[in-house]
Structure formats: structure tokens, C-alpha cells
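This is target05.cif. It holds mmCIF, C-alpha atoms.
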```cif
data_model
#
loop_
_atom_site.group_PDB
_atom_site.id
_atom_site.type_symbol
_atom_site.label_atom_id
_atom_site.label_comp_id
_atom_site.auth_asym_id
_atom_site.auth_seq_id
_atom_site.Cartn_x
_atom_site.Cartn_y
_atom_site.Cartn_z
ATOM 1 C CA MET W 356 0.000 0.000 0.000
ATOM 2 C CA LYS W 357 1.453 3.318 -1.103
ATOM 3 C CA ASN W 358 -0.817 5.882 0.559
ATOM 4 C CA ILE W 359 -3.842 6.339 2.800
ATOM 5 C CA TYR W 360 -6.553 8.660 1.495
ATOM 6 C CA LEU W 361 -9.068 10.120 3.930
ATOM 7 C CA VAL W 362 -12.295 11.250 2.321
ATOM 8 C CA GLY W 363 -15.606 12.385 3.715
ATOM 9 C CA PHE W 364 -17.663 15.469 4.203
ATOM 10 C CA MET W 365 -16.132 18.634 5.638
ATOM 11 C CA GLY W 366 -15.948 18.562 9.411
ATOM 12 C CA THR W 367 -15.622 14.789 9.741
ATOM 13 C CA GLY W 368 -12.044 15.052 11.022
ATOM 14 C CA LYS W 369 -9.945 14.239 7.947
ATOM 15 C CA SER W 370 -7.166 16.724 8.720
ATOM 16 C CA ALA W 371 -6.984 16.100 12.464
ATOM 17 C CA VAL W 372 -7.076 12.316 12.000
ATOM 18 C CA GLY W 373 -4.655 12.468 9.061
ATOM 19 C CA LYS W 374 -2.023 14.411 11.003
ATOM 20 C CA GLU W 375 -2.186 12.040 13.965
ATOM 21 C CA LEU W 376 -2.167 8.932 11.745
ATOM 22 C CA ALA W 377 0.834 10.174 9.743
ATOM 23 C CA LYS W 378 2.740 10.929 12.934
ATOM 24 C CA LEU W 379 2.149 7.436 14.334
ATOM 25 C CA LYS W 380 3.021 5.710 11.046
ATOM 26 C CA LYS W 381 6.023 8.015 10.487
ATOM 27 C CA TRP W 382 4.593 8.965 7.086
ATOM 28 C CA GLN W 383 4.077 12.396 5.520
ATOM 29 C CA PHE W 384 0.751 14.218 5.977
ATOM 30 C CA LEU W 385 -0.753 16.194 3.127
ATOM 31 C CA ASP W 386 -3.958 18.227 2.999
ATOM 32 C CA LEU W 387 -5.047 18.267 -0.644
ATOM 33 C CA ASP W 388 -6.968 21.548 -0.303
ATOM 34 C CA GLU W 389 -3.960 23.263 1.304
ATOM 35 C CA LEU W 390 -1.738 22.061 -1.533
ATOM 36 C CA ILE W 391 -4.219 23.446 -4.074
ATOM 37 C CA GLU W 392 -4.232 26.786 -2.255
ATOM 38 C CA LEU W 393 -0.422 26.875 -2.358
ATOM 39 C CA LYS W 394 -0.335 26.031 -6.059
ATOM 40 C CA GLU W 395 -3.050 28.560 -6.924
ATOM 41 C CA LYS W 396 -1.728 31.178 -4.453
ATOM 42 C CA ARG W 397 -5.284 31.818 -3.202
ATOM 43 C CA MET W 398 -7.925 30.357 -0.914
ATOM 44 C CA ILE W 399 -10.404 27.671 -2.029
ATOM 45 C CA ALA W 400 -13.283 30.114 -1.421
ATOM 46 C CA ASP W 401 -11.581 32.550 -3.830
ATOM 47 C CA ILE W 402 -11.210 29.841 -6.476
ATOM 48 C CA PHE W 403 -14.908 28.954 -6.167
ATOM 49 C CA ALA W 404 -15.975 32.630 -6.254
ATOM 50 C CA LYS W 405 -13.812 33.678 -9.200
ATOM 51 C CA ASN W 406 -13.583 30.533 -11.332
ATOM 52 C CA GLY W 407 -16.410 28.260 -10.142
ATOM 53 C CA GLU W 408 -16.599 24.700 -8.863
ATOM 54 C CA ALA W 409 -15.820 23.061 -12.237
ATOM 55 C CA TYR W 410 -12.450 24.855 -12.412
ATOM 56 C CA PHE W 411 -11.660 23.869 -8.823
ATOM 57 C CA ARG W 412 -12.537 20.201 -9.474
ATOM 58 C CA LYS W 413 -10.194 20.135 -12.480
ATOM 59 C CA ILE W 414 -7.305 21.449 -10.384
ATOM 60 C CA GLU W 415 -8.220 19.060 -7.577
ATOM 61 C CA LYS W 416 -8.119 16.101 -9.988
ATOM 62 C CA ASN W 417 -4.696 17.080 -11.388
ATOM 63 C CA THR W 418 -3.283 17.662 -7.907
ATOM 64 C CA LEU W 419 -4.581 14.283 -6.698
ATOM 65 C CA LYS W 420 -2.921 12.559 -9.675
ATOM 66 C CA GLU W 421 0.411 14.215 -8.783
ATOM 67 C CA VAL W 422 0.098 13.259 -5.107
ATOM 68 C CA SER W 423 -0.843 9.667 -5.984
ATOM 69 C CA GLN W 424 2.634 9.191 -7.466
ATOM 70 C CA GLN W 425 4.131 9.578 -3.974
ATOM 71 C CA LYS W 426 4.532 6.882 -1.335
ATOM 72 C CA ARG W 427 3.885 6.783 2.403
ATOM 73 C CA PHE W 428 1.532 9.754 2.477
ATOM 74 C CA VAL W 429 -1.623 10.217 4.513
ATOM 75 C CA VAL W 430 -3.757 12.491 2.356
ATOM 76 C CA ALA W 431 -6.726 14.455 3.700
ATOM 77 C CA CYS W 432 -8.897 15.078 0.647
ATOM 78 C CA GLY W 433 -11.516 17.749 0.112
ATOM 79 C CA GLY W 434 -15.096 16.683 0.773
ATOM 80 C CA GLY W 435 -16.100 16.603 -2.896
ATOM 81 C CA VAL W 436 -13.094 14.778 -4.353
ATOM 82 C CA VAL W 437 -15.165 11.587 -4.565
ATOM 83 C CA ILE W 438 -17.755 12.977 -6.981
ATOM 84 C CA ASP W 439 -15.364 12.219 -9.834
ATOM 85 C CA PRO W 440 -15.153 8.430 -10.384
ATOM 86 C CA GLU W 441 -11.631 8.806 -11.808
ATOM 87 C CA ASN W 442 -10.484 10.268 -8.488
ATOM 88 C CA ILE W 443 -11.892 7.258 -6.632
ATOM 89 C CA GLN W 444 -10.100 4.947 -9.059
ATOM 90 C CA VAL W 445 -6.765 6.779 -8.612
ATOM 91 C CA MET W 446 -7.030 6.610 -4.817
ATOM 92 C CA LYS W 447 -8.007 2.929 -4.761
ATOM 93 C CA GLN W 448 -5.206 1.983 -7.151
ATOM 94 C CA THR W 449 -2.542 3.824 -5.158
ATOM 95 C CA GLY W 450 -3.605 3.239 -1.587
ATOM 96 C CA MET W 451 -6.365 2.623 0.890
ATOM 97 C CA LEU W 452 -9.451 4.806 0.687
ATOM 98 C CA ILE W 453 -11.062 5.472 4.073
ATOM 99 C CA CYS W 454 -14.215 7.534 4.446
ATOM 100 C CA LEU W 455 -14.840 9.420 7.664
ATOM 101 C CA LYS W 456 -18.498 10.196 8.237
ATOM 102 C CA ALA W 457 -20.457 12.084 10.871
ATOM 103 C CA ALA W 458 -24.039 13.025 11.648
ATOM 104 C CA PRO W 459 -25.245 16.337 10.159
ATOM 105 C CA GLU W 460 -25.540 17.811 13.680
ATOM 106 C CA ALA W 461 -21.897 16.965 14.459
ATOM 107 C CA ILE W 462 -20.757 18.426 11.128
ATOM 108 C CA LEU W 463 -22.743 21.623 11.705
ATOM 109 C CA LYS W 464 -21.268 22.022 15.184
ATOM 110 C CA ARG W 465 -17.704 21.424 13.920
ATOM 111 C CA THR W 466 -18.018 23.768 10.915
ATOM 112 C CA SER W 467 -20.076 26.608 12.414
ATOM 113 C CA GLY W 468 -18.237 29.881 12.171
ATOM 114 C CA CYS W 469 -16.050 28.665 9.304
ATOM 115 C CA THR W 470 -16.425 31.280 6.588
ATOM 116 C CA HIS W 471 -13.855 29.566 4.352
ATOM 117 C CA ARG W 472 -16.282 26.769 3.473
ATOM 118 C CA PRO W 473 -18.009 28.039 0.312
ATOM 119 C CA LEU W 474 -20.566 25.237 0.094
ATOM 120 C CA LEU W 475 -21.919 26.094 3.572
ATOM 121 C CA ASN W 476 -22.182 29.857 3.120
ATOM 122 C CA VAL W 477 -25.948 29.549 2.691
ATOM 123 C CA LYS W 478 -29.079 30.532 4.654
ATOM 124 C CA ASP W 479 -29.711 27.045 6.099
ATOM 125 C CA PRO W 480 -26.359 25.230 6.446
ATOM 126 C CA LYS W 481 -27.859 22.163 8.181
ATOM 127 C CA LYS W 482 -30.243 21.590 5.282
ATOM 128 C CA GLN W 483 -27.325 22.043 2.862
ATOM 129 C CA ILE W 484 -25.229 19.516 4.820
ATOM 130 C CA GLU W 485 -28.065 16.970 4.742
ATOM 131 C CA LEU W 486 -28.562 17.481 0.998
ATOM 132 C CA LEU W 487 -24.867 17.191 0.147
ATOM 133 C CA LEU W 488 -24.462 14.113 2.373
ATOM 134 C CA LYS W 489 -27.353 12.444 0.556
ATOM 135 C CA LEU W 490 -25.954 13.350 -2.872
ATOM 136 C CA ARG W 491 -22.442 12.172 -2.005
ATOM 137 C CA ALA W 492 -23.418 9.000 -0.106
ATOM 138 C CA PRO W 493 -23.015 6.658 -3.112
ATOM 139 C CA TYR W 494 -19.539 8.068 -3.777
ATOM 140 C CA TYR W 495 -18.432 7.826 -0.143
ATOM 141 C CA ALA W 496 -19.705 4.225 -0.140
ATOM 142 C CA ALA W 497 -16.967 3.366 -2.672
ATOM 143 C CA ALA W 498 -14.332 3.660 0.075
ATOM 144 C CA HIS W 499 -12.573 0.526 1.318
ATOM 145 C CA LYS W 500 -13.736 1.340 4.876
ATOM 146 C CA ILE W 501 -16.123 3.837 6.490
ATOM 147 C CA ILE W 502 -15.694 5.114 10.049
ATOM 148 C CA ASP W 503 -18.295 7.207 11.881
ATOM 149 C CA THR W 504 -16.498 9.982 13.781
ATOM 150 C CA SER W 505 -19.636 11.566 15.293
ATOM 151 C CA LYS W 506 -19.073 10.377 18.839
ATOM 152 C CA ILE W 507 -15.446 9.268 19.046
ATOM 153 C CA SER W 508 -12.179 11.133 19.508
ATOM 154 C CA VAL W 509 -9.427 11.648 16.940
ATOM 155 C CA LYS W 510 -7.260 9.102 18.787
ATOM 156 C CA GLN W 511 -10.072 6.526 18.667
ATOM 157 C CA VAL W 512 -10.535 7.068 14.913
ATOM 158 C CA VAL W 513 -6.787 6.701 14.335
ATOM 159 C CA SER W 514 -6.761 3.524 16.404
ATOM 160 C CA LYS W 515 -9.563 2.058 14.247
ATOM 161 C CA ILE W 516 -7.677 2.944 11.058
ATOM 162 C CA LEU W 517 -4.445 1.396 12.319
ATOM 163 C CA ARG W 518 -6.328 -1.870 12.932
ATOM 164 C CA LEU W 519 -7.726 -1.778 9.378
ATOM 165 C CA ILE W 520 -4.535 -1.241 7.442
ATOM 166 C CA PRO W 521 -1.913 -3.889 6.752
ATOM 167 C CA LYS W 522 1.315 -3.495 8.657
ATOM 168 C CA THR W 523 4.017 -1.851 6.550
ATOM 169 C CA LYS W 524 7.705 -1.470 7.133
#
```
Could you render the structure from this file as C-alpha cells?
Amino acid sequence: MKNIYLVGFMGTGKSAVGKELAKLKKWQFLDLDELIELKEKRMIADIFAKNGEAYFRKIEKNTLKEVSQQKRFVVACGGGVVIDPENIQVMKQTGMLICLKAAPEAILKRTSGCTHRPLLNVKDPKKQIELLLKLRAPYYAAAHKIIDTSKISVKQVVSKILRLIPKTK
């Protein structure tokens, strides 16, 4: 196994879990959205506002392909990376794909006050979360494993992942 890809909706703990998992495995941690922001020299919200979601998804796909060539990376992916079947294929071919999920209430609590999340800058964010979760559910289901993070700590999630993945040297 080359890499571990963490997918799931925003606020499910991908970055926090990814950092802790990488530290314990002595691998590199990479946040795909942060890498995109570095490459584009602007925030994701800016990309969405000025160029739209389609442009962002194209950059996301190209960045994922570059990252997939690496080894021993724990990659926290943006919440919508899974809506492109090619992205799912790339992740499954080059590592283990783990989906972190959480209840809409937990996601709302974790993301409230985050203005940098363009998809939640709407009148009724909880309704938006529920809608997007429903739309993305079939894509998230393509993951090798799914872990509900609603009521467990980062350390508990990491512990579950470590039990799922084959031991590597």
C-alpha cells in the first residue's frame, strides 16, 4: 500500500485524524486543499468565487494525480473529491481509501463559524449539509472502509484505522 486517502464530508475530522495517523506511522501528511491553495496562491473560497466549482474540481483532480505518485503519504482530501469516479479509481489503485463520516448535527457544530467553506455559506447550512451528504453517499460508499467519527475522539478514529490497514515497514 502506497498511501492512505481520507475522504468524507467537511468537518468529519480528515485533517486532524490524518495528522495524527501520519505521525504514528512516520509517514508524511498532506492536505489536498492546502496544496491546491499553495499552487493557486489563493484560498479555495476565492477559487470557487472567481472561477467556479468546475475549475476547482479540475485542479483538484490534477493535484490528486500528482500526489498519488508519492509513497507513504496520509492524504486528507476535500469533501467533494469523490464525486469524480476517476479520483476514486486513482485513490483505490494507489492506496487505501477510508471515508470518515459524521451526523449532520456533528458536522454543523464542527463547521459553524467557518467562513472559508463556500458550500456552507448559505441561509440554512444544516439543510445544505443533509442534501450534500445524501448526494455524495453513493460516492463515499466506494471507500474501502467507512468510520463514523460523530461520537469518538481523533485518537479513537486513528486507532480504528491502524487496525484496518496492513502493517508496513
Nearest to W:Lys489, chosen from W:Leu361, W:Ala409, W:Met398, W:Ala458, with only C-alpha atoms counted in the distances: W:Ala458
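Interatomic distance, atom CA of W:Val422 against atom CA of W:Leu390: 9.7 Å.
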Ground truth for the PyMOL selection byres ((chain W and resi 432) around 7), written as a VMD selection string: chain W and resid 360 to 362 386 to 388 430 to 431 433 to 434 436
Test item: residues at most 12 Å from W:Arg397, all atoms listed in the file, excluding those fewer than 6 positions along its chain, as a PyMOL selection string: chain W and resi 388-391+403-406+411+471
List the residues selected by the PyMOL selection byres ((chain W and resi 420) around 12) in the file shown, writing them as an mmCIF file with C-alpha atoms, in the frame of the given file.
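Everything below was put into out_26.cif:
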```cif
data_model
loop_
_atom_site.group_PDB
_atom_site.id
_atom_site.type_symbol
_atom_site.label_atom_id
_atom_site.label_comp_id
_atom_site.auth_asym_id
_atom_site.auth_seq_id
_atom_site.Cartn_x
_atom_site.Cartn_y
_atom_site.Cartn_z
ATOM 1 C CA LEU W 387 -5.047 18.267 -0.644
ATOM 2 C CA LYS W 413 -10.194 20.135 -12.480
ATOM 3 C CA ILE W 414 -7.305 21.449 -10.384
ATOM 4 C CA GLU W 415 -8.220 19.060 -7.577
ATOM 5 C CA LYS W 416 -8.119 16.101 -9.988
ATOM 6 C CA ASN W 417 -4.696 17.080 -11.388
ATOM 7 C CA THR W 418 -3.283 17.662 -7.907
ATOM 8 C CA LEU W 419 -4.581 14.283 -6.698
ATOM 9 C CA GLU W 421 0.411 14.215 -8.783
ATOM 10 C CA VAL W 422 0.098 13.259 -5.107
ATOM 11 C CA SER W 423 -0.843 9.667 -5.984
ATOM 12 C CA GLN W 424 2.634 9.191 -7.466
ATOM 13 C CA GLN W 425 4.131 9.578 -3.974
ATOM 14 C CA VAL W 436 -13.094 14.778 -4.353
ATOM 15 C CA GLU W 441 -11.631 8.806 -11.808
ATOM 16 C CA ASN W 442 -10.484 10.268 -8.488
ATOM 17 C CA ILE W 443 -11.892 7.258 -6.632
ATOM 18 C CA GLN W 444 -10.100 4.947 -9.059
ATOM 19 C CA VAL W 445 -6.765 6.779 -8.612
ATOM 20 C CA MET W 446 -7.030 6.610 -4.817
ATOM 21 C CA LYS W 447 -8.007 2.929 -4.761
ATOM 22 C CA GLN W 448 -5.206 1.983 -7.151
ATOM 23 C CA THR W 449 -2.542 3.824 -5.158
#
```
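With atom CA of W:Ile502 on one side and atom CA of W:Leu455 on the other, the separation reads 5.0 Å.
Note that the spacing between atom CA of W:Val372 and atom CA of W:Val509 amounts to 5.5 Å.
Each of W:Lys369, W:Lys464, W:Arg412, W:Lys381 was compared to W:Arg427 using all atoms listed in the file, and W:Lys381 turns out to be the nearest.
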Selected residue, from W:Ala377, W:Ser370, W:Leu452, W:Phe428, that lies nearest to W:Ile501 when counting all atoms listed in the file: W:Leu452
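Closest approach to W:Lys426 among W:Ile462, W:Val512, W:Leu385, W:Ala400 is made by W:Leu385 (distances from only C-alpha atoms).
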Nearest to W:Leu486 by atom-to-atom distance, counting only C-alpha atoms, from W:Pro459, W:Lys374, W:Thr466, W:Gln511: W:Pro459
Please tabulate, as a tab-separated table, the residues of stretch 409-439 of chain W that come within 9 Å of stretch 490-496 of chain W, each with its closest pair of atoms and the distance in Å to one decimal, counting all atoms listed in the file and ordering rows by chain, then residue number upward.
```
residue	atom	partner	partner_atom	distance
W:Gly435	CA	W:Arg491	CA	7.8
W:Val437	CA	W:Tyr494	CA	5.7
W:Ile438	CA	W:Tyr494	CA	6.1
W:Asp439	CA	W:Tyr494	CA	8.4
```
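Residue nearest W:Lys380, chosen from W:Ser514, W:Ser505, W:Gln483, W:Ser467 and counting only C-alpha atoms: W:Ser514.
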Do a neighbour search on W:Lys500 at 9 Å with all atoms listed in the file, toss out local chain neighbours closer than 6 positions, and write the hits as a PDB file with C-alpha atoms, in the coordinates of the input.
```
ATOM      1  CA  MET W 451      -6.365   2.623   0.890  1.00  0.00           C
ATOM      2  CA  LEU W 452      -9.451   4.806   0.687  1.00  0.00           C
ATOM      3  CA  ILE W 453     -11.062   5.472   4.073  1.00  0.00           C
ATOM      4  CA  CYS W 454     -14.215   7.534   4.446  1.00  0.00           C
ATOM      5  CA  LEU W 455     -14.840   9.420   7.664  1.00  0.00           C
ATOM      6  CA  ILE W 516      -7.677   2.944  11.058  1.00  0.00           C
ATOM      7  CA  LEU W 519      -7.726  -1.778   9.378  1.00  0.00           C
TER       8      LEU W 519
END
```
Report, as JSON, the axis-aligned box around all atoms of stretch 394-410 of chain W present in the file, extended by 5 Å on each side; give centre and edge lengths in Å to one decimal place.
```
{"center_x": -8.5, "center_y": 28.4, "center_z": -6.7, "size_x": 26.3, "size_y": 20.6, "size_z": 21.5}
```
May I ask you to restore N, CA and C atoms in stretch 366-394 of chain W and write the result as a PDB file, in the coordinates of the input?
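See rebuild_6.pdb below for the written result:
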```pdb
ATOM      1  N   GLY W 366     -15.628  18.640   7.996  1.00  0.00           N
ATOM      2  CA  GLY W 366     -15.948  18.562   9.411  1.00  0.00           C
ATOM      3  C   GLY W 366     -16.012  17.160   9.987  1.00  0.00           C
ATOM      4  N   THR W 367     -15.592  16.165   9.215  1.00  0.00           N
ATOM      5  CA  THR W 367     -15.622  14.789   9.741  1.00  0.00           C
ATOM      6  C   THR W 367     -14.300  14.414  10.414  1.00  0.00           C
ATOM      7  N   GLY W 368     -13.297  15.290  10.314  1.00  0.00           N
ATOM      8  CA  GLY W 368     -12.044  15.052  11.022  1.00  0.00           C
ATOM      9  C   GLY W 368     -10.888  14.589  10.159  1.00  0.00           C
ATOM     10  N   LYS W 369     -10.985  14.754   8.848  1.00  0.00           N
ATOM     11  CA  LYS W 369      -9.945  14.239   7.947  1.00  0.00           C
ATOM     12  C   LYS W 369      -8.556  14.800   8.264  1.00  0.00           C
ATOM     13  N   SER W 370      -8.469  16.108   8.467  1.00  0.00           N
ATOM     14  CA  SER W 370      -7.166  16.724   8.720  1.00  0.00           C
ATOM     15  C   SER W 370      -6.611  16.339  10.089  1.00  0.00           C
ATOM     16  N   ALA W 371      -7.438  16.437  11.111  1.00  0.00           N
ATOM     17  CA  ALA W 371      -6.984  16.100  12.464  1.00  0.00           C
ATOM     18  C   ALA W 371      -6.563  14.631  12.552  1.00  0.00           C
ATOM     19  N   VAL W 372      -7.380  13.751  11.995  1.00  0.00           N
ATOM     20  CA  VAL W 372      -7.076  12.316  12.000  1.00  0.00           C
ATOM     21  C   VAL W 372      -5.836  12.040  11.141  1.00  0.00           C
ATOM     22  N   GLY W 373      -5.777  12.678   9.971  1.00  0.00           N
ATOM     23  CA  GLY W 373      -4.655  12.468   9.061  1.00  0.00           C
ATOM     24  C   GLY W 373      -3.317  12.844   9.676  1.00  0.00           C
ATOM     25  N   LYS W 374      -3.276  13.969  10.361  1.00  0.00           N
ATOM     26  CA  LYS W 374      -2.023  14.411  11.003  1.00  0.00           C
ATOM     27  C   LYS W 374      -1.570  13.423  12.065  1.00  0.00           C
ATOM     28  N   GLU W 375      -2.504  12.988  12.894  1.00  0.00           N
ATOM     29  CA  GLU W 375      -2.186  12.040  13.965  1.00  0.00           C
ATOM     30  C   GLU W 375      -1.765  10.678  13.393  1.00  0.00           C
ATOM     31  N   LEU W 376      -2.477  10.216  12.383  1.00  0.00           N
ATOM     32  CA  LEU W 376      -2.167   8.932  11.745  1.00  0.00           C
ATOM     33  C   LEU W 376      -0.778   8.966  11.104  1.00  0.00           C
ATOM     34  N   ALA W 377      -0.482  10.041  10.393  1.00  0.00           N
ATOM     35  CA  ALA W 377       0.834  10.174   9.743  1.00  0.00           C
ATOM     36  C   ALA W 377       1.947  10.178  10.780  1.00  0.00           C
ATOM     37  N   LYS W 378       1.727  10.862  11.876  1.00  0.00           N
ATOM     38  CA  LYS W 378       2.740  10.929  12.934  1.00  0.00           C
ATOM     39  C   LYS W 378       3.027   9.528  13.490  1.00  0.00           C
ATOM     40  N   LEU W 379       1.980   8.776  13.772  1.00  0.00           N
ATOM     41  CA  LEU W 379       2.149   7.436  14.334  1.00  0.00           C
ATOM     42  C   LEU W 379       2.786   6.458  13.346  1.00  0.00           C
ATOM     43  N   LYS W 380       2.455   6.603  12.064  1.00  0.00           N
ATOM     44  CA  LYS W 380       3.021   5.710  11.046  1.00  0.00           C
ATOM     45  C   LYS W 380       4.398   6.174  10.549  1.00  0.00           C
ATOM     46  N   LYS W 381       4.771   7.399  10.965  1.00  0.00           N
ATOM     47  CA  LYS W 381       6.023   8.015  10.487  1.00  0.00           C
ATOM     48  C   LYS W 381       5.977   8.215   8.967  1.00  0.00           C
ATOM     49  N   TRP W 382       4.809   8.628   8.485  1.00  0.00           N
ATOM     50  CA  TRP W 382       4.593   8.965   7.086  1.00  0.00           C
ATOM     51  C   TRP W 382       4.427  10.476   6.980  1.00  0.00           C
ATOM     52  N   GLN W 383       4.336  10.975   5.762  1.00  0.00           N
ATOM     53  CA  GLN W 383       4.077  12.396   5.520  1.00  0.00           C
ATOM     54  C   GLN W 383       2.566  12.636   5.544  1.00  0.00           C
ATOM     55  N   PHE W 384       2.158  13.818   6.044  1.00  0.00           N
ATOM     56  CA  PHE W 384       0.751  14.218   5.977  1.00  0.00           C
ATOM     57  C   PHE W 384       0.604  15.290   4.913  1.00  0.00           C
ATOM     58  N   LEU W 385      -0.481  15.184   4.148  1.00  0.00           N
ATOM     59  CA  LEU W 385      -0.753  16.194   3.127  1.00  0.00           C
ATOM     60  C   LEU W 385      -2.243  16.505   3.100  1.00  0.00           C
ATOM     61  N   ASP W 386      -2.575  17.784   3.150  1.00  0.00           N
ATOM     62  CA  ASP W 386      -3.958  18.227   2.999  1.00  0.00           C
ATOM     63  C   ASP W 386      -4.099  18.685   1.550  1.00  0.00           C
ATOM     64  N   LEU W 387      -4.912  17.991   0.784  1.00  0.00           N
ATOM     65  CA  LEU W 387      -5.047  18.267  -0.644  1.00  0.00           C
ATOM     66  C   LEU W 387      -5.516  19.700  -0.906  1.00  0.00           C
ATOM     67  N   ASP W 388      -6.488  20.179  -0.117  1.00  0.00           N
ATOM     68  CA  ASP W 388      -6.968  21.548  -0.303  1.00  0.00           C
ATOM     69  C   ASP W 388      -5.868  22.577  -0.031  1.00  0.00           C
ATOM     70  N   GLU W 389      -5.064  22.336   1.000  1.00  0.00           N
ATOM     71  CA  GLU W 389      -3.960  23.263   1.304  1.00  0.00           C
ATOM     72  C   GLU W 389      -2.950  23.287   0.168  1.00  0.00           C
ATOM     73  N   LEU W 390      -2.672  22.128  -0.407  1.00  0.00           N
ATOM     74  CA  LEU W 390      -1.738  22.061  -1.533  1.00  0.00           C
ATOM     75  C   LEU W 390      -2.291  22.838  -2.732  1.00  0.00           C
ATOM     76  N   ILE W 391      -3.582  22.703  -2.978  1.00  0.00           N
ATOM     77  CA  ILE W 391      -4.219  23.446  -4.074  1.00  0.00           C
ATOM     78  C   ILE W 391      -4.103  24.953  -3.822  1.00  0.00           C
ATOM     79  N   GLU W 392      -4.347  25.367  -2.586  1.00  0.00           N
ATOM     80  CA  GLU W 392      -4.232  26.786  -2.255  1.00  0.00           C
ATOM     81  C   GLU W 392      -2.809  27.298  -2.474  1.00  0.00           C
ATOM     82  N   LEU W 393      -1.828  26.494  -2.126  1.00  0.00           N
ATOM     83  CA  LEU W 393      -0.422  26.875  -2.358  1.00  0.00           C
ATOM     84  C   LEU W 393      -0.129  27.010  -3.846  1.00  0.00           C
ATOM     85  N   LYS W 394      -0.586  26.020  -4.617  1.00  0.00           N
ATOM     86  CA  LYS W 394      -0.335  26.031  -6.059  1.00  0.00           C
ATOM     87  C   LYS W 394      -1.028  27.212  -6.740  1.00  0.00           C
TER      88      LYS W 394
END
```
